[in-house]
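Here's protein.cif, which has mmCIF, C-alpha atoms:
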data_structure
#
loop_
_atom_site.label_atom_id
_atom_site.label_comp_id
_atom_site.auth_asym_id
_atom_site.auth_seq_id
_atom_site.Cartn_x
_atom_site.Cartn_y
_atom_site.Cartn_z
CA MET A 1 4.53 -58.81 -47.66
CA LYS A 2 7.69 -56.74 -47.49
CA THR A 3 5.63 -53.56 -48.08
CA ALA A 4 3.28 -54.47 -45.23
CA ARG A 5 6.24 -55.01 -42.88
CA ILE A 6 7.73 -51.60 -43.80
CA LEU A 7 4.34 -49.93 -43.38
CA PHE A 8 3.89 -51.66 -40.01
CA LEU A 9 7.35 -50.52 -38.82
CA PHE A 10 6.65 -46.99 -40.04
CA ILE A 11 3.38 -46.83 -38.09
CA ILE A 12 4.97 -48.24 -34.92
CA SER A 13 7.90 -45.80 -35.22
CA THR A 14 5.53 -42.88 -35.67
CA VAL A 15 3.52 -43.89 -32.60
CA LEU A 16 6.67 -44.27 -30.49
CA ILE A 17 8.10 -40.93 -31.60
CA SER A 18 4.77 -39.22 -30.95
CA GLY A 19 4.65 -40.78 -27.49
CA CYS A 20 8.13 -39.48 -26.67
CA ALA A 21 7.25 -35.97 -27.78
CA SER A 22 4.20 -35.88 -25.53
CA GLY A 23 6.52 -35.84 -22.48
CA GLU A 24 6.54 -32.07 -22.84
CA LYS A 25 3.03 -31.43 -21.67
CA LYS A 26 1.38 -28.23 -22.67
CA LEU A 27 -0.51 -26.83 -19.74
CA ALA A 28 -4.10 -25.92 -20.47
CA SER A 29 -4.69 -22.25 -19.92
CA THR A 30 -7.74 -20.56 -18.55
CA SER A 31 -8.64 -17.03 -17.61
CA ILE A 32 -8.64 -16.06 -13.94
CA ASP A 33 -11.92 -14.56 -12.75
CA ILE A 34 -11.33 -12.97 -9.37
CA PRO A 35 -14.47 -13.47 -7.25
CA ASN A 36 -16.27 -10.72 -5.32
CA VAL A 37 -14.51 -7.88 -7.18
CA ASP A 38 -17.12 -5.38 -6.05
CA LYS A 39 -16.73 -6.32 -2.36
CA TYR A 40 -13.03 -5.59 -1.77
CA THR A 41 -12.21 -2.46 0.23
CA VAL A 42 -8.62 -3.28 1.18
CA LEU A 43 -5.53 -4.21 -0.82
CA TYR A 44 -2.78 -5.44 1.48
CA ILE A 45 0.77 -5.79 0.15
CA GLN A 46 3.46 -7.73 2.02
CA GLY A 47 7.12 -8.03 1.11
CA VAL A 48 10.28 -8.88 3.02
CA ASP A 49 13.51 -7.04 3.85
CA ALA A 50 17.02 -8.04 2.74
CA ASN A 51 17.06 -10.68 5.50
CA GLY A 52 13.80 -12.26 4.32
CA VAL A 53 11.82 -10.88 7.26
CA SER A 54 8.38 -9.35 6.85
CA SER A 55 7.43 -6.46 9.09
CA GLU A 56 5.31 -3.34 9.23
CA ALA A 57 8.04 -1.58 7.23
CA THR A 58 7.60 -4.09 4.40
CA SER A 59 3.83 -3.97 4.27
CA LYS A 60 1.19 -1.56 3.10
CA TYR A 61 -2.59 -1.19 3.22
CA ILE A 62 -4.41 0.51 0.37
CA THR A 63 -8.02 1.50 1.01
CA GLU A 64 -8.62 3.93 -1.84
CA GLY A 65 -11.44 2.41 -3.89
CA LYS A 66 -10.19 3.71 -7.24
CA GLU A 67 -6.71 2.25 -6.69
CA ILE A 68 -8.18 -1.13 -5.71
CA LYS A 69 -10.49 -1.18 -8.74
CA SER A 70 -7.61 -0.20 -11.03
CA PHE A 71 -5.46 -2.98 -9.58
CA ILE A 72 -8.22 -5.57 -10.07
CA ASP A 73 -8.83 -4.40 -13.64
CA LYS A 74 -5.14 -4.94 -14.47
CA VAL A 75 -4.89 -8.50 -13.15
CA ASN A 76 -8.40 -9.89 -13.54
CA ASN A 77 -9.08 -12.13 -16.55
CA MET A 78 -5.35 -12.81 -16.99
CA ASP A 79 -4.47 -16.07 -18.74
CA VAL A 80 -3.23 -18.61 -16.22
CA VAL A 81 -2.11 -22.23 -16.14
CA LYS A 82 -2.18 -24.83 -13.41
CA PRO A 83 1.42 -26.07 -13.17
CA PRO A 84 2.53 -29.06 -11.09
CA GLN A 85 2.41 -28.56 -7.31
CA LYS A 86 6.18 -28.93 -7.05
CA GLU A 87 6.71 -25.97 -9.39
CA MET A 88 4.25 -23.87 -7.38
CA THR A 89 5.97 -24.78 -4.11
CA GLU A 90 9.39 -23.82 -5.50
CA LYS A 91 7.98 -20.50 -6.69
CA VAL A 92 6.46 -19.73 -3.27
CA LYS A 93 9.92 -20.12 -1.67
CA GLU A 94 10.96 -17.04 -3.66
CA LEU A 95 8.65 -14.96 -1.46
CA ASN A 96 11.46 -15.05 1.12
CA ASN A 97 13.55 -12.91 -1.23
CA GLN A 98 13.28 -9.13 -1.29
CA GLY A 99 11.40 -7.79 -4.31
CA ASN A 100 8.65 -10.43 -4.34
CA TYR A 101 5.26 -9.68 -2.79
CA THR A 102 2.00 -11.14 -1.58
CA PHE A 103 -1.05 -9.08 -2.52
CA VAL A 104 -4.29 -9.70 -0.63
CA LEU A 105 -7.69 -8.33 -1.58
CA SER A 106 -10.14 -8.24 1.31
CA ASP A 107 -13.41 -6.73 2.39
CA SER A 108 -11.85 -5.63 5.71
CA LYS A 109 -8.47 -5.03 7.36
CA LYS A 110 -9.14 -8.03 9.60
CA MET A 111 -9.05 -10.24 6.50
CA ASP A 112 -11.53 -12.63 8.06
CA ASN A 113 -14.31 -12.77 5.47
CA LYS A 114 -13.85 -12.27 1.73
CA VAL A 115 -10.16 -12.65 0.96
CA TYR A 116 -8.25 -13.32 -2.28
CA TYR A 117 -4.47 -13.96 -2.46
CA MET A 118 -1.92 -13.38 -5.22
CA ASN A 119 1.87 -13.57 -5.26
CA PHE A 120 3.88 -11.23 -7.50
CA PHE A 121 7.47 -12.07 -8.41
CA LYS A 122 10.21 -9.81 -9.69
CA ASP A 123 10.48 -11.90 -12.88
CA GLY A 124 6.93 -10.78 -13.71
CA SER A 125 5.14 -14.04 -12.96
CA ILE A 126 2.02 -13.99 -10.81
CA GLN A 127 0.42 -16.75 -8.75
CA PHE A 128 -3.33 -16.69 -8.19
CA GLN A 129 -5.61 -18.30 -5.67
CA SER A 130 -8.22 -20.71 -6.94
CA THR A 131 -11.56 -19.00 -7.39
CA ASP A 132 -13.34 -21.64 -5.33
CA LYS A 133 -10.68 -22.75 -2.81
CA LYS A 134 -8.30 -20.93 -0.54
CA GLU A 135 -5.25 -22.38 -2.31
CA ILE A 136 -2.84 -20.72 -4.68
CA ILE A 137 -2.90 -23.07 -7.67
CA TYR A 138 -2.57 -20.89 -10.77
CA LEU A 139 0.42 -19.21 -12.39
CA SER A 140 0.22 -16.52 -15.02
CA LYS A 141 0.73 -18.04 -18.45
CA GLU A 142 3.07 -15.20 -19.41
CA LYS A 143 5.42 -13.13 -17.31
CA HIS A 144 4.39 -9.50 -16.87
CA PRO A 145 7.48 -7.53 -15.78
CA GLU A 146 6.10 -4.23 -17.12
CA LEU A 147 2.84 -4.66 -15.21
CA PHE A 148 4.84 -5.51 -12.07
CA LYS A 149 6.93 -2.37 -12.50
CA GLU A 150 3.82 -0.26 -13.15
CA LEU A 151 2.04 -1.60 -10.04
CA LYS A 152 5.07 -0.92 -7.84
CA SER A 153 5.15 2.65 -9.13
CA THR A 154 1.40 3.30 -9.07
CA LEU A 155 0.93 1.78 -5.61
CA ASN A 156 4.13 3.39 -4.31
CA ILE A 157 5.72 0.13 -3.22
CA ASN A 158 9.27 0.98 -2.21
CA PHE A 159 10.19 -1.86 0.13
#
Please rewrite the model in this file as C-alpha coordinates.
Amino acid sequence: MKTARILFLFIISTVLISGCASGEKKLASTSIDIPNVDKYTVLYIQGVDANGVSSEATSKYITEGKEIKSFIDKVNNMDVVKPPQKEMTEKVKELNNQGNYTFVLSDSKKMDNKVYYMNFFKDGSIQFQSTDKKEIIYLSKEKHPELFKELKSTLNINF
(Lines of atoms letter the chains of each structure in order from A and count residues from 1; the text may use other names and numbers.)
(Lines give C-alpha, C1' and ligand atoms only; values in the text may rest on other atoms or scores of the structure.)
Protein backbone atom coordinates (compact mmCIF):
# COMPACT_ATOMS: atom_id res chain seq x y z
CA MET A 1 0.00 0.00 0.00
CA LYS A 2 2.85 2.36 0.83
CA THR A 3 4.39 1.68 -2.62
CA ALA A 4 1.10 2.50 -4.33
CA ARG A 5 0.86 5.80 -2.42
CA ILE A 6 4.43 6.77 -3.42
CA LEU A 7 3.75 5.81 -7.03
CA PHE A 8 0.51 7.82 -6.98
CA LEU A 9 2.29 10.90 -5.55
CA PHE A 10 5.08 10.52 -8.12
CA ILE A 11 2.57 10.43 -10.99
CA ILE A 12 0.63 13.44 -9.65
CA SER A 13 3.88 15.39 -9.13
CA THR A 14 5.02 14.60 -12.66
CA VAL A 15 1.70 15.76 -14.12
CA LEU A 16 1.79 19.00 -12.11
CA ILE A 17 5.38 19.76 -13.06
CA SER A 18 4.63 19.03 -16.72
CA GLY A 19 1.62 21.33 -16.56
CA CYS A 20 3.73 24.16 -15.15
CA ALA A 21 6.35 23.77 -17.86
CA SER A 22 3.73 24.03 -20.60
CA GLY A 23 3.21 27.71 -19.68
CA GLU A 24 6.04 28.47 -22.09
CA LYS A 25 4.18 27.76 -25.28
CA LYS A 26 6.15 26.98 -28.34
CA LEU A 27 4.64 28.75 -31.30
CA ALA A 28 3.96 26.54 -34.29
CA SER A 29 5.93 27.70 -37.27
CA THR A 30 4.91 27.67 -40.88
CA SER A 31 6.41 28.94 -44.09
CA ILE A 32 5.10 32.17 -45.58
CA ASP A 33 3.94 31.84 -49.17
CA ILE A 34 3.49 35.32 -50.60
CA PRO A 35 0.50 35.25 -52.97
CA ASN A 36 0.51 36.63 -56.52
CA VAL A 37 4.32 36.83 -56.74
CA ASP A 38 4.20 37.08 -60.52
CA LYS A 39 1.73 40.00 -60.46
CA TYR A 40 3.67 42.60 -58.46
CA THR A 41 5.14 45.51 -60.42
CA VAL A 42 5.77 47.92 -57.55
CA LEU A 43 7.67 47.66 -54.28
CA TYR A 44 6.88 50.61 -52.03
CA ILE A 45 9.04 51.29 -48.98
CA GLN A 46 7.96 53.66 -46.21
CA GLY A 47 9.98 54.75 -43.20
CA VAL A 48 9.86 57.71 -40.83
CA ASP A 49 12.21 60.57 -39.96
CA ALA A 50 13.79 61.22 -36.54
CA ASN A 51 10.48 62.75 -35.39
CA GLY A 52 8.48 59.66 -36.38
CA VAL A 53 6.90 61.39 -39.38
CA SER A 54 6.55 59.68 -42.75
CA SER A 55 6.89 61.79 -45.87
CA GLU A 56 7.98 61.66 -49.48
CA ALA A 57 11.58 61.96 -48.25
CA THR A 58 11.16 58.75 -46.24
CA SER A 59 9.53 56.71 -48.97
CA LYS A 60 10.58 55.05 -52.17
CA TYR A 61 8.97 53.29 -55.13
CA ILE A 62 10.83 50.50 -56.90
CA THR A 63 9.45 49.42 -60.27
CA GLU A 64 12.41 47.47 -61.66
CA GLY A 65 11.12 43.92 -62.17
CA LYS A 66 14.44 42.22 -61.38
CA GLU A 67 14.77 44.08 -58.06
CA ILE A 68 11.20 43.18 -57.08
CA LYS A 69 11.71 39.51 -57.99
CA SER A 70 15.00 39.42 -56.07
CA PHE A 71 13.31 40.95 -53.03
CA ILE A 72 10.47 38.41 -53.15
CA ASP A 73 12.93 35.53 -53.54
CA LYS A 74 14.76 36.63 -50.38
CA VAL A 75 11.70 36.84 -48.13
CA ASN A 76 9.27 34.32 -49.61
CA ASN A 77 9.03 30.92 -47.90
CA MET A 78 10.57 32.32 -44.70
CA ASP A 79 9.68 30.46 -41.50
CA VAL A 80 7.14 32.45 -39.52
CA VAL A 81 5.12 32.10 -36.32
CA LYS A 82 1.80 33.54 -35.27
CA PRO A 83 2.52 35.27 -31.95
CA PRO A 84 -0.16 36.71 -29.64
CA GLN A 85 -1.92 39.83 -30.93
CA LYS A 86 -0.53 41.91 -28.07
CA GLU A 87 3.05 41.11 -29.13
CA MET A 88 2.25 42.03 -32.74
CA THR A 89 0.66 45.31 -31.66
CA GLU A 90 3.70 46.24 -29.55
CA LYS A 91 5.98 45.46 -32.49
CA VAL A 92 3.93 47.65 -34.87
CA LYS A 93 4.44 50.62 -32.52
CA GLU A 94 8.15 50.41 -33.38
CA LEU A 95 7.30 51.57 -36.91
CA ASN A 96 7.16 55.08 -35.45
CA ASN A 97 10.92 54.87 -34.85
CA GLN A 98 13.44 55.71 -37.54
CA GLY A 99 15.13 52.67 -39.07
CA ASN A 100 12.00 50.49 -39.26
CA TYR A 101 10.07 50.17 -42.52
CA THR A 102 6.86 49.05 -44.14
CA PHE A 103 7.35 47.28 -47.47
CA VAL A 104 4.36 46.94 -49.79
CA LEU A 105 4.20 44.78 -52.90
CA SER A 106 1.54 45.87 -55.35
CA ASP A 107 0.44 45.45 -58.93
CA SER A 108 0.14 49.25 -59.32
CA LYS A 109 1.27 52.51 -57.71
CA LYS A 110 -2.34 53.15 -56.70
CA MET A 111 -2.15 50.07 -54.44
CA ASP A 112 -5.83 49.39 -54.97
CA ASN A 113 -5.84 45.81 -56.25
CA LYS A 114 -3.25 43.16 -55.40
CA VAL A 115 -1.34 44.36 -52.35
CA TYR A 116 0.86 42.55 -49.81
CA TYR A 117 2.31 44.19 -46.66
CA MET A 118 5.42 43.45 -44.59
CA ASN A 119 7.11 45.34 -41.77
CA PHE A 120 10.89 45.23 -41.38
CA PHE A 121 12.51 46.13 -38.07
CA LYS A 122 16.08 47.15 -37.33
CA ASP A 123 16.49 44.14 -35.02
CA GLY A 124 16.02 41.92 -38.09
CA SER A 125 12.51 40.70 -37.36
CA ILE A 126 9.90 40.82 -40.11
CA GLN A 127 6.11 40.89 -39.88
CA PHE A 128 4.07 39.41 -42.71
CA GLN A 129 0.50 39.81 -43.84
CA SER A 130 -1.73 36.77 -43.79
CA THR A 131 -1.87 35.13 -47.20
CA ASP A 132 -5.67 35.14 -47.17
CA LYS A 133 -6.54 38.25 -45.13
CA LYS A 134 -5.38 41.83 -45.17
CA GLU A 135 -3.98 41.59 -41.64
CA ILE A 136 -0.40 41.38 -40.48
CA ILE A 137 -0.44 38.29 -38.28
CA TYR A 138 2.92 36.56 -38.78
CA LEU A 139 6.38 37.27 -37.40
CA SER A 140 9.57 35.78 -38.73
CA LYS A 141 10.62 32.86 -36.57
CA GLU A 142 14.22 34.08 -36.57
CA LYS A 143 15.63 37.58 -36.77
CA HIS A 144 17.42 38.40 -40.02
CA PRO A 145 19.66 41.44 -39.39
CA GLU A 146 22.02 40.54 -42.26
CA LEU A 147 19.14 40.27 -44.72
CA PHE A 148 17.79 43.60 -43.46
CA LYS A 149 21.20 45.22 -43.97
CA GLU A 150 21.54 43.66 -47.44
CA LEU A 151 18.08 44.87 -48.52
CA LYS A 152 18.79 48.41 -47.33
CA SER A 153 22.01 48.40 -49.35
CA THR A 154 20.64 46.67 -52.47
CA LEU A 155 17.50 48.80 -52.58
CA ASN A 156 19.42 51.97 -51.68
CA ILE A 157 17.32 52.77 -48.63
CA ASN A 158 19.05 55.67 -46.91
CA PHE A 159 16.25 57.26 -44.90
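Using all atoms listed in the file, the smallest distance between any of A:Pro145, A:Gly65, A:Pro83, A:Gly124 and Thr41 in chain A comes from A:Gly65.
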Using the chain letters and residue numbers of this document, give as a JSON list (two decimals) with C-alpha atoms, in the coordinates of the input the residues selected by the PyMOL selection byres ((chain A and resi 132-140) around 10).
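Dumped to part.json:
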[["chain", "number", "residue", "atom", "x", "y", "z"],
["A", 29, "SER", "CA", -4.69, -22.25, -19.92],
["A", 30, "THR", "CA", -7.74, -20.56, -18.55],
["A", 31, "SER", "CA", -8.64, -17.03, -17.61],
["A", 32, "ILE", "CA", -8.64, -16.06, -13.94],
["A", 34, "ILE", "CA", -11.33, -12.97, -9.37],
["A", 35, "PRO", "CA", -14.47, -13.47, -7.25],
["A", 75, "VAL", "CA", -4.89, -8.50, -13.15],
["A", 78, "MET", "CA", -5.35, -12.81, -16.99],
["A", 79, "ASP", "CA", -4.47, -16.07, -18.74],
["A", 80, "VAL", "CA", -3.23, -18.61, -16.22],
["A", 81, "VAL", "CA", -2.11, -22.23, -16.14],
["A", 82, "LYS", "CA", -2.18, -24.83, -13.41],
["A", 83, "PRO", "CA", 1.42, -26.07, -13.17],
["A", 84, "PRO", "CA", 2.53, -29.06, -11.09],
["A", 85, "GLN", "CA", 2.41, -28.56, -7.31],
["A", 87, "GLU", "CA", 6.71, -25.97, -9.39],
["A", 88, "MET", "CA", 4.25, -23.87, -7.38],
["A", 89, "THR", "CA", 5.97, -24.78, -4.11],
["A", 91, "LYS", "CA", 7.98, -20.50, -6.69],
["A", 92, "VAL", "CA", 6.46, -19.73, -3.27],
["A", 115, "VAL", "CA", -10.16, -12.65, 0.96],
["A", 116, "TYR", "CA", -8.25, -13.32, -2.28],
["A", 117, "TYR", "CA", -4.47, -13.96, -2.46],
["A", 118, "MET", "CA", -1.92, -13.38, -5.22],
["A", 119, "ASN", "CA", 1.87, -13.57, -5.26],
["A", 120, "PHE", "CA", 3.88, -11.23, -7.50],
["A", 124, "GLY", "CA", 6.93, -10.78, -13.71],
["A", 125, "SER", "CA", 5.14, -14.04, -12.96],
["A", 126, "ILE", "CA", 2.02, -13.99, -10.81],
["A", 127, "GLN", "CA", 0.42, -16.75, -8.75],
["A", 128, "PHE", "CA", -3.33, -16.69, -8.19],
["A", 129, "GLN", "CA", -5.61, -18.30, -5.67],
["A", 130, "SER", "CA", -8.22, -20.71, -6.94],
["A", 131, "THR", "CA", -11.56, -19.00, -7.39],
["A", 141, "LYS", "CA", 0.73, -18.04, -18.45],
["A", 142, "GLU", "CA", 3.07, -15.20, -19.41],
["A", 143, "LYS", "CA", 5.42, -13.13, -17.31],
["A", 144, "HIS", "CA", 4.39, -9.50, -16.87]]
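Taking CA of Lys110 in chain A as the reference point, CA of Ile157 in chain A is found at 21.3 Å.
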_Let me make sure I understand: among A:Asp33, A:Asp112, A:Asp38, A:Asp107, which one has the smallest atom-to-atom distance to Lys69 in chain A if we use all atoms listed in the file?_
A:Asp38
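Computed from the coordinates, the CA of Phe71 in chain A to CA of Asp123 in chain A distance equals 18.6 Å.
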Quick one: everything within 6 Å of Ile45 in chain A, counting only C-alpha atoms, minus sequence neighbours fewer than 4 positions away in the same chain. Send it as a PDB file with C-alpha atoms, keeping the file's coordinate frame.
ATOM      1  CA  SER A  59       3.830  -3.970   4.270  1.00  0.00           C
ATOM      2  CA  LYS A  60       1.190  -1.560   3.100  1.00  0.00           C
ATOM      3  CA  THR A 102       2.000 -11.140  -1.580  1.00  0.00           C
ATOM      4  CA  PHE A 103      -1.050  -9.080  -2.520  1.00  0.00           C
TER       5      PHE A 103
END
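Atom pair CA of Ala57 in chain A / CA of Ser153 in chain A has a distance of 17.1 Å (rounded to one decimal).
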*Using the chain letters and residue numbers of this document, give as a ChimeraX atom specification the residues selected by the PyMOL selection byres ((chain A and resi 50) around 12).*
/A:47-49,51-55,57-58,95-100,159
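The residue that comes closest to Lys152 in chain A, out of A:Val37, A:Tyr101, A:Lys86, A:Asp73 and on the basis of all atoms listed in the file, is A:Tyr101.
Nearest-residue note for Tyr61 in chain A: choosing from A:Glu150, A:Lys122, A:Asn77, A:Asn156, the minimum distance belongs to A:Asn156, counting only C-alpha atoms.
Across A:Lys149, A:Lys109, A:Lys114, A:Lys93, the tightest approach to Asn36 in chain A is made by A:Lys114 when counting only C-alpha atoms.
The closest residue to Ile68 in chain A, picked from A:Tyr40, A:Glu56, A:Phe148, A:Glu94 and counting all atoms listed in the file, is A:Tyr40.
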Take range 28-40 of chain A from the block and save it with N, CA, C and O atoms, as a PDB file, in the first residue's frame.
ATOM      1  N   ALA A  28       3.834  27.379 -33.096  1.00  0.00           N
ATOM      2  CA  ALA A  28       3.960  26.543 -34.287  1.00  0.00           C
ATOM      3  C   ALA A  28       4.433  27.407 -35.443  1.00  0.00           C
ATOM      4  O   ALA A  28       3.921  28.499 -35.668  1.00  0.00           O
ATOM      5  N   SER A  29       5.430  26.918 -36.145  1.00  0.00           N
ATOM      6  CA  SER A  29       5.930  27.696 -37.273  1.00  0.00           C
ATOM      7  C   SER A  29       5.373  27.145 -38.578  1.00  0.00           C
ATOM      8  O   SER A  29       4.980  25.994 -38.674  1.00  0.00           O
ATOM      9  N   THR A  30       5.338  28.020 -39.539  1.00  0.00           N
ATOM     10  CA  THR A  30       4.907  27.670 -40.878  1.00  0.00           C
ATOM     11  C   THR A  30       5.787  28.456 -41.836  1.00  0.00           C
ATOM     12  O   THR A  30       6.592  29.276 -41.416  1.00  0.00           O
ATOM     13  N   SER A  31       5.631  28.225 -43.080  1.00  0.00           N
ATOM     14  CA  SER A  31       6.413  28.939 -44.086  1.00  0.00           C
ATOM     15  C   SER A  31       5.490  29.915 -44.809  1.00  0.00           C
ATOM     16  O   SER A  31       4.401  29.539 -45.228  1.00  0.00           O
ATOM     17  N   ILE A  32       5.926  31.162 -44.920  1.00  0.00           N
ATOM     18  CA  ILE A  32       5.096  32.171 -45.576  1.00  0.00           C
ATOM     19  C   ILE A  32       5.153  31.946 -47.091  1.00  0.00           C
ATOM     20  O   ILE A  32       6.213  31.676 -47.639  1.00  0.00           O
ATOM     21  N   ASP A  33       4.020  32.005 -47.719  1.00  0.00           N
ATOM     22  CA  ASP A  33       3.943  31.837 -49.172  1.00  0.00           C
ATOM     23  C   ASP A  33       3.237  33.072 -49.723  1.00  0.00           C
ATOM     24  O   ASP A  33       2.006  33.139 -49.755  1.00  0.00           O
ATOM     25  N   ILE A  34       4.032  34.046 -50.118  1.00  0.00           N
ATOM     26  CA  ILE A  34       3.487  35.317 -50.597  1.00  0.00           C
ATOM     27  C   ILE A  34       2.632  35.057 -51.844  1.00  0.00           C
ATOM     28  O   ILE A  34       3.115  34.462 -52.812  1.00  0.00           O
ATOM     29  N   PRO A  35       1.377  35.487 -51.816  1.00  0.00           N
ATOM     30  CA  PRO A  35       0.503  35.252 -52.970  1.00  0.00           C
ATOM     31  C   PRO A  35       0.828  36.191 -54.136  1.00  0.00           C
ATOM     32  O   PRO A  35       1.417  37.248 -53.942  1.00  0.00           O
ATOM     33  N   ASN A  36       0.439  35.802 -55.312  1.00  0.00           N
ATOM     34  CA  ASN A  36       0.511  36.634 -56.524  1.00  0.00           C
ATOM     35  C   ASN A  36       1.924  37.123 -56.858  1.00  0.00           C
ATOM     36  O   ASN A  36       2.083  38.218 -57.396  1.00  0.00           O
ATOM     37  N   VAL A  37       2.945  36.350 -56.560  1.00  0.00           N
ATOM     38  CA  VAL A  37       4.322  36.831 -56.742  1.00  0.00           C
ATOM     39  C   VAL A  37       4.628  37.260 -58.173  1.00  0.00           C
ATOM     40  O   VAL A  37       5.477  38.129 -58.381  1.00  0.00           O
ATOM     41  N   ASP A  38       3.944  36.709 -59.127  1.00  0.00           N
ATOM     42  CA  ASP A  38       4.203  37.077 -60.520  1.00  0.00           C
ATOM     43  C   ASP A  38       3.412  38.309 -60.969  1.00  0.00           C
ATOM     44  O   ASP A  38       3.574  38.791 -62.084  1.00  0.00           O
ATOM     45  N   LYS A  39       2.586  38.853 -60.106  1.00  0.00           N
ATOM     46  CA  LYS A  39       1.733  40.001 -60.463  1.00  0.00           C
ATOM     47  C   LYS A  39       2.277  41.347 -59.989  1.00  0.00           C
ATOM     48  O   LYS A  39       1.841  42.388 -60.454  1.00  0.00           O
ATOM     49  N   TYR A  40       3.223  41.342 -59.050  1.00  0.00           N
ATOM     50  CA  TYR A  40       3.672  42.603 -58.462  1.00  0.00           C
ATOM     51  C   TYR A  40       4.613  43.360 -59.392  1.00  0.00           C
ATOM     52  O   TYR A  40       5.578  42.803 -59.907  1.00  0.00           O
TER      53      TYR A  40
END
